[in-house]
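> Have a look at this one.
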Amino acid sequence: MASDPMGFLPFHADEQAAQRLAGQRTGLAPIRPFMPDQHRAFFSLLPYLFTATPDAAGWPMASVLTGPPGFVGSPDPATLAIDALPRDGDPAGPGFAAGAGIGLLGIDLATRRRNRANGRIVARDRGLTVRIAQSFGNCPQYIQTRGVAAVAKEAGPVESLSGLDEAARDLIESADTFFVASRSRAELGDAGGFDMSHRGGRPGFVGARGDTLVIPDFRGNRFFNTLGNLLGDPRAGLLFVNFDTGELLQLQGTVAIDWHPGEAAPEGTERLWRVSVERAWRRPSVFPYRATFGSYAPSTFHTGVW
């Protein structure tokens with residue numbers, strides 16, 4: 001499909017299928033093949049940038065790049081220049097290679113503003129150059145505000161987990177925020193790609209049952225970017241951040257979506273997705289910021305927990 005006269009890109013086939021399965025029909029979305037000036041300026045204000053990249057087998061990996069505000073620049077509307085590389089030991093690190101697809105999420109936890117950009121890494125040297133294929137803003141739903149301050153603390157060693165241990169489940173079940181990396185199936189070609197998204201709720205909205213996460217899907221922007229991708233390719237990467245300690249928990253797993261959940265589910269649940277965790281990594285003190293909780297998003301008060 002060609003883009004419409006306003007310059008917006010169409011939803012890809014799996015996003016449209018997800019909309020139909022949800023009983024919702026969304027028309028054109030403000031997804032552009034370039035970044036508006038306000039998005040370009042926004043990225044330059046951020047000290048962190050959440051990422052989705054492939055591993056060696058093509059699985060999505062979720063991670064985060066960090067730097068002083070201004071480490072992300074935009075020399076033109078279709079390019080981001082990122083003056084950072086993944087930190088040593090990041091299991092997602094090898095995926096930040098020239099030619100690889102990438103999904104980017106810029107989010108300001110102080111203001112609940114967020115913008116997404118998806119594209120391809122065209123160069124890697126002391127940083128990354130990303131050519132943008134899709135750019136769009138998201139509403140501030142379910143984003144809890146936080147005041148973020150930089151800290152100087154040495155990161156601990158990376159720990160590869162054979163499954164979710166008690167500490168991992170505690171972090172997951174106490175989280176009010178996590179991030180999910182997904183990708184479209186290869187057959188969609190340039191219509192798809194990698195995507196990085198945010199999910200939020202009250203602490204306890206993500207259930208951890210053994211090595212399976214049970215996640216309610218609340219009413220959102222009706223784009224169905226993430227669930228559309230997971231329809232075509234059920235592999236996902238998840239990232240949980242301990243904002244008090246700087247610990248990161250990175251997961252990979254396969255997703256099954258229940259479009260009409262019959263079991264008791266948290267208030268506000270429209271769908272459920274279950275993530276069977278296959279790989280996990282814990283990285284102590286690696287996120288170089290500490291964040292003080294501010295307030296819940298108004299939309300969060302309309303949701304429940306397990």
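Identifiers for the structure tokens are assigned positionally: chains receive A, B, ... in sequence, residues are indexed from 1 per chain, and ligands are indexed from 1 in the order shown.
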Per residue of range 92-146 of chain A within 10 Å of range 61-77 of chain A, which atom pair is closest and at what distance in Å (one decimal), using only C-alpha atoms, listed by chain and increasing number, as CSV?

residue,atom,partner,partner_atom,distance
A:Ala92,CA,A:Met61,CA,5.6
A:Gly93,CA,A:Ser63,CA,8.7
A:Gly95,CA,A:Met61,CA,8.1
A:Ile102,CA,A:Met61,CA,9.9
A:Gly103,CA,A:Ala62,CA,9.3
A:Leu104,CA,A:Val64,CA,9.2
A:Leu105,CA,A:Val64,CA,9.2
A:Gly127,CA,A:Phe71,CA,9.4
A:Leu128,CA,A:Val72,CA,9.5
A:Thr129,CA,A:Ser74,CA,9.5
A:Val130,CA,A:Ser74,CA,9.5
A:Arg131,CA,A:Pro77,CA,9.4
A:Ile132,CA,A:Pro77,CA,8.2
A:Ser135,CA,A:Pro77,CA,9.9
> Residues near Glu278 in chain A, anyone? I mean within 9 Å using only C-alpha atoms, not counting same-chain ones fewer than 3 positions away, as a ChimeraX atom specification.
/A:162-163,211,251-254
> Using only C-alpha atoms, which residue out of A:Leu46, A:Ala41, A:Ala84, A:Ala297 lies closest to Pro140 in chain A?
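Using only C-alpha atoms, the shortest distance to Pro140 in chain A belongs to A:Ala297.
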> Can you list, as a PDB file with N, CA and C atoms, in the first residue's frame, every protein, DNA or RNA residue that comes within 8 Å of range 33-36 of chain A when you count only C-alpha atoms, leaving out same-chain residues fewer than 4 positions away?

ATOM      1  N   GLY A   7       0.807  11.883   4.009  1.00  0.00           N
ATOM      2  CA  GLY A   7       2.151  11.399   4.265  1.00  0.00           C
ATOM      3  C   GLY A   7       2.224  10.307   5.309  1.00  0.00           C
ATOM      4  N   PHE A   8       1.068   9.824   5.798  1.00  0.00           N
ATOM      5  CA  PHE A   8       1.065   8.782   6.815  1.00  0.00           C
ATOM      6  C   PHE A   8       1.239   7.417   6.180  1.00  0.00           C
ATOM      7  N   LEU A   9       1.895   6.520   6.906  1.00  0.00           N
ATOM      8  CA  LEU A   9       2.089   5.154   6.445  1.00  0.00           C
ATOM      9  C   LEU A   9       0.918   4.282   6.880  1.00  0.00           C
ATOM     10  N   ARG A  40      12.308  15.383  16.657  1.00  0.00           N
ATOM     11  CA  ARG A  40      13.762  15.504  16.586  1.00  0.00           C
ATOM     12  C   ARG A  40      14.300  16.276  17.790  1.00  0.00           C
ATOM     13  N   PRO A  77      15.637  15.046   9.024  1.00  0.00           N
ATOM     14  CA  PRO A  77      14.397  14.431   9.506  1.00  0.00           C
ATOM     15  C   PRO A  77      14.337  12.906   9.408  1.00  0.00           C
ATOM     16  N   ALA A  78      15.269  12.286   8.719  1.00  0.00           N
ATOM     17  CA  ALA A  78      15.249  10.833   8.595  1.00  0.00           C
ATOM     18  C   ALA A  78      16.457  10.175   9.246  1.00  0.00           C
ATOM     19  N   ALA A 117      10.534   5.635  17.158  1.00  0.00           N
ATOM     20  CA  ALA A 117      11.149   5.705  15.835  1.00  0.00           C
ATOM     21  C   ALA A 117      11.749   4.342  15.527  1.00  0.00           C
ATOM     22  N   ILE A 132      15.809   6.451   9.737  1.00  0.00           N
ATOM     23  CA  ILE A 132      14.453   6.264  10.237  1.00  0.00           C
ATOM     24  C   ILE A 132      13.498   5.883   9.104  1.00  0.00           C
ATOM     25  N   ALA A 133      12.699   4.836   9.348  1.00  0.00           N
ATOM     26  CA  ALA A 133      11.672   4.414   8.396  1.00  0.00           C
ATOM     27  C   ALA A 133      10.269   4.743   8.893  1.00  0.00           C
ATOM     28  N   GLN A 134      10.084   4.784  10.221  1.00  0.00           N
ATOM     29  CA  GLN A 134       8.776   5.069  10.816  1.00  0.00           C
ATOM     30  C   GLN A 134       8.980   5.928  12.051  1.00  0.00           C
ATOM     31  N   SER A 135       8.121   6.931  12.206  1.00  0.00           N
ATOM     32  CA  SER A 135       8.193   7.807  13.371  1.00  0.00           C
ATOM     33  C   SER A 135       6.781   8.146  13.818  1.00  0.00           C
ATOM     34  N   PHE A 136       6.531   8.044  15.128  1.00  0.00           N
ATOM     35  CA  PHE A 136       5.188   8.373  15.618  1.00  0.00           C
ATOM     36  C   PHE A 136       5.212   8.641  17.114  1.00  0.00           C
TER      37      PHE A 136
END
> Rank A:Gly207, A:Ala191, A:Ser197, A:Ser276 by their smallest atom-to-atom distance to Asp14 in chain A, using only C-alpha atoms, and report the top residue only.
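Of the candidates, the smallest distance to Asp14 in chain A is held by A:Ala191.
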> From the DSSP assignment of the backbone, select every residue of range 158-300 of chain A that is strand (DSSP E or B), and format the answer as JSON, numbers by chain.
{"A": [159, 160, 161, 177, 178, 179, 180, 181, 182, 183, 194, 195, 196, 197, 198, 199, 200, 207, 208, 209, 212, 213, 214, 215, 216, 217, 218, 235, 236, 237, 238, 239, 240, 241, 248, 249, 250, 251, 252, 253, 254, 255, 256, 257, 258, 269, 270, 271, 272, 273, 274, 275, 276, 277, 278, 279, 280, 281, 282, 283, 289, 290, 291, 292, 293, 294, 295]}
> Between CA of Arg185 in chain A and CA of Leu49 in chain A, what is the spacing in Å?
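Rounded to one decimal, the two atoms are 24.1 Å apart.
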> Write out as an NGL selection string which residues come within 9 Å of Thr145 in chain A when counting only C-alpha atoms, dropping same-chain ones fewer than 3 positions away.
:A and (108-112 or 292-297)
> I'd like the neighbourhood of Ile215 in chain A as a PDB file with N, CA and C atoms, in the first residue's frame, where a residue qualifies if any of its atoms comes within 10 Å (using only C-alpha atoms), though same-chain residues fewer than 5 positions away should be ignored.

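What follows is the written file selection.pdb:
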ATOM      1  N   ARG A 199       4.955  -0.455  28.628  1.00  0.00           N
ATOM      2  CA  ARG A 199       3.728  -0.912  29.268  1.00  0.00           C
ATOM      3  C   ARG A 199       3.773  -0.474  30.734  1.00  0.00           C
ATOM      4  N   GLY A 204       2.261  -5.074  40.517  1.00  0.00           N
ATOM      5  CA  GLY A 204       1.492  -6.310  40.567  1.00  0.00           C
ATOM      6  C   GLY A 204       0.669  -6.551  39.330  1.00  0.00           C
ATOM      7  N   PHE A 205       0.727  -5.629  38.347  1.00  0.00           N
ATOM      8  CA  PHE A 205      -0.072  -5.857  37.138  1.00  0.00           C
ATOM      9  C   PHE A 205       0.529  -6.940  36.254  1.00  0.00           C
ATOM     10  N   VAL A 206       1.818  -7.217  36.399  1.00  0.00           N
ATOM     11  CA  VAL A 206       2.446  -8.336  35.698  1.00  0.00           C
ATOM     12  C   VAL A 206       2.544  -9.501  36.683  1.00  0.00           C
ATOM     13  N   GLY A 207       1.951 -10.621  36.317  1.00  0.00           N
ATOM     14  CA  GLY A 207       2.029 -11.810  37.150  1.00  0.00           C
ATOM     15  C   GLY A 207       3.157 -12.715  36.700  1.00  0.00           C
ATOM     16  N   ALA A 208       3.899 -13.258  37.648  1.00  0.00           N
ATOM     17  CA  ALA A 208       4.979 -14.204  37.353  1.00  0.00           C
ATOM     18  C   ALA A 208       4.617 -15.547  37.954  1.00  0.00           C
ATOM     19  N   ILE A 257      -1.199 -14.920  22.830  1.00  0.00           N
ATOM     20  CA  ILE A 257      -2.174 -13.865  23.123  1.00  0.00           C
ATOM     21  C   ILE A 257      -3.547 -14.482  23.306  1.00  0.00           C
ATOM     22  N   ALA A 265      -9.306 -11.556  35.637  1.00  0.00           N
ATOM     23  CA  ALA A 265      -8.133 -10.775  35.253  1.00  0.00           C
ATOM     24  C   ALA A 265      -8.233  -9.400  35.908  1.00  0.00           C
ATOM     25  N   PRO A 266      -7.131  -8.683  35.990  1.00  0.00           N
ATOM     26  CA  PRO A 266      -7.170  -7.358  36.610  1.00  0.00           C
ATOM     27  C   PRO A 266      -8.167  -6.429  35.921  1.00  0.00           C
ATOM     28  N   THR A 269      -8.564  -5.093  31.981  1.00  0.00           N
ATOM     29  CA  THR A 269      -7.941  -6.011  31.018  1.00  0.00           C
ATOM     30  C   THR A 269      -8.844  -6.214  29.814  1.00  0.00           C
ATOM     31  N   ARG A 271      -7.254  -7.869  26.927  1.00  0.00           N
ATOM     32  CA  ARG A 271      -6.636  -9.088  26.412  1.00  0.00           C
ATOM     33  C   ARG A 271      -5.571  -9.511  27.402  1.00  0.00           C
ATOM     34  N   LEU A 272      -5.081 -10.721  27.284  1.00  0.00           N
ATOM     35  CA  LEU A 272      -3.942 -11.176  28.093  1.00  0.00           C
ATOM     36  C   LEU A 272      -2.867 -11.705  27.154  1.00  0.00           C
ATOM     37  N   TRP A 273      -1.637 -11.468  27.509  1.00  0.00           N
ATOM     38  CA  TRP A 273      -0.572 -12.184  26.811  1.00  0.00           C
ATOM     39  C   TRP A 273       0.340 -12.850  27.813  1.00  0.00           C
ATOM     40  N   ARG A 274       0.706 -14.067  27.456  1.00  0.00           N
ATOM     41  CA  ARG A 274       1.537 -14.907  28.303  1.00  0.00           C
ATOM     42  C   ARG A 274       2.903 -15.078  27.641  1.00  0.00           C
ATOM     43  N   VAL A 275       3.926 -14.757  28.404  1.00  0.00           N
ATOM     44  CA  VAL A 275       5.295 -14.842  27.897  1.00  0.00           C
ATOM     45  C   VAL A 275       5.978 -16.026  28.566  1.00  0.00           C
ATOM     46  N   VAL A 305      -4.672  -5.223  39.507  1.00  0.00           N
ATOM     47  CA  VAL A 305      -3.500  -6.084  39.628  1.00  0.00           C
ATOM     48  C   VAL A 305      -3.971  -7.512  39.856  1.00  0.00           C
ATOM     49  N   TRP A 306      -3.026  -8.450  39.794  1.00  0.00           N
ATOM     50  CA  TRP A 306      -3.348  -9.849  40.047  1.00  0.00           C
ATOM     51  C   TRP A 306      -3.564 -10.061  41.534  1.00  0.00           C
TER      52      TRP A 306
END
> Measure the distance from CA of Arg20 in chain A to CA of Asp217 in chain A in Å and round it to one decimal.
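Separation of CA of Arg20 in chain A and CA of Asp217 in chain A: 15.6 Å.
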> Counting only C-alpha atoms, which of A:Tyr48, A:Phe179, A:Phe96, A:Tyr289 gets nearest to Thr245 in chain A?
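Among A:Tyr48, A:Phe179, A:Phe96, A:Tyr289, it is A:Tyr289 that comes nearest to Thr245 in chain A.
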> Using only C-alpha atoms, can you tell me which of A:Ile172, A:Leu45, A:Arg282, A:Gly119 comes closest to Gly189 in chain A?
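Answer, going by the shortest atom-to-atom distance: A:Gly119.
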> For Glu173 in chain A, which residue out of A:Gly220, A:Gly237, A:Asn138, A:Asn242 is the nearest one, using only C-alpha atoms?
A:Asn242
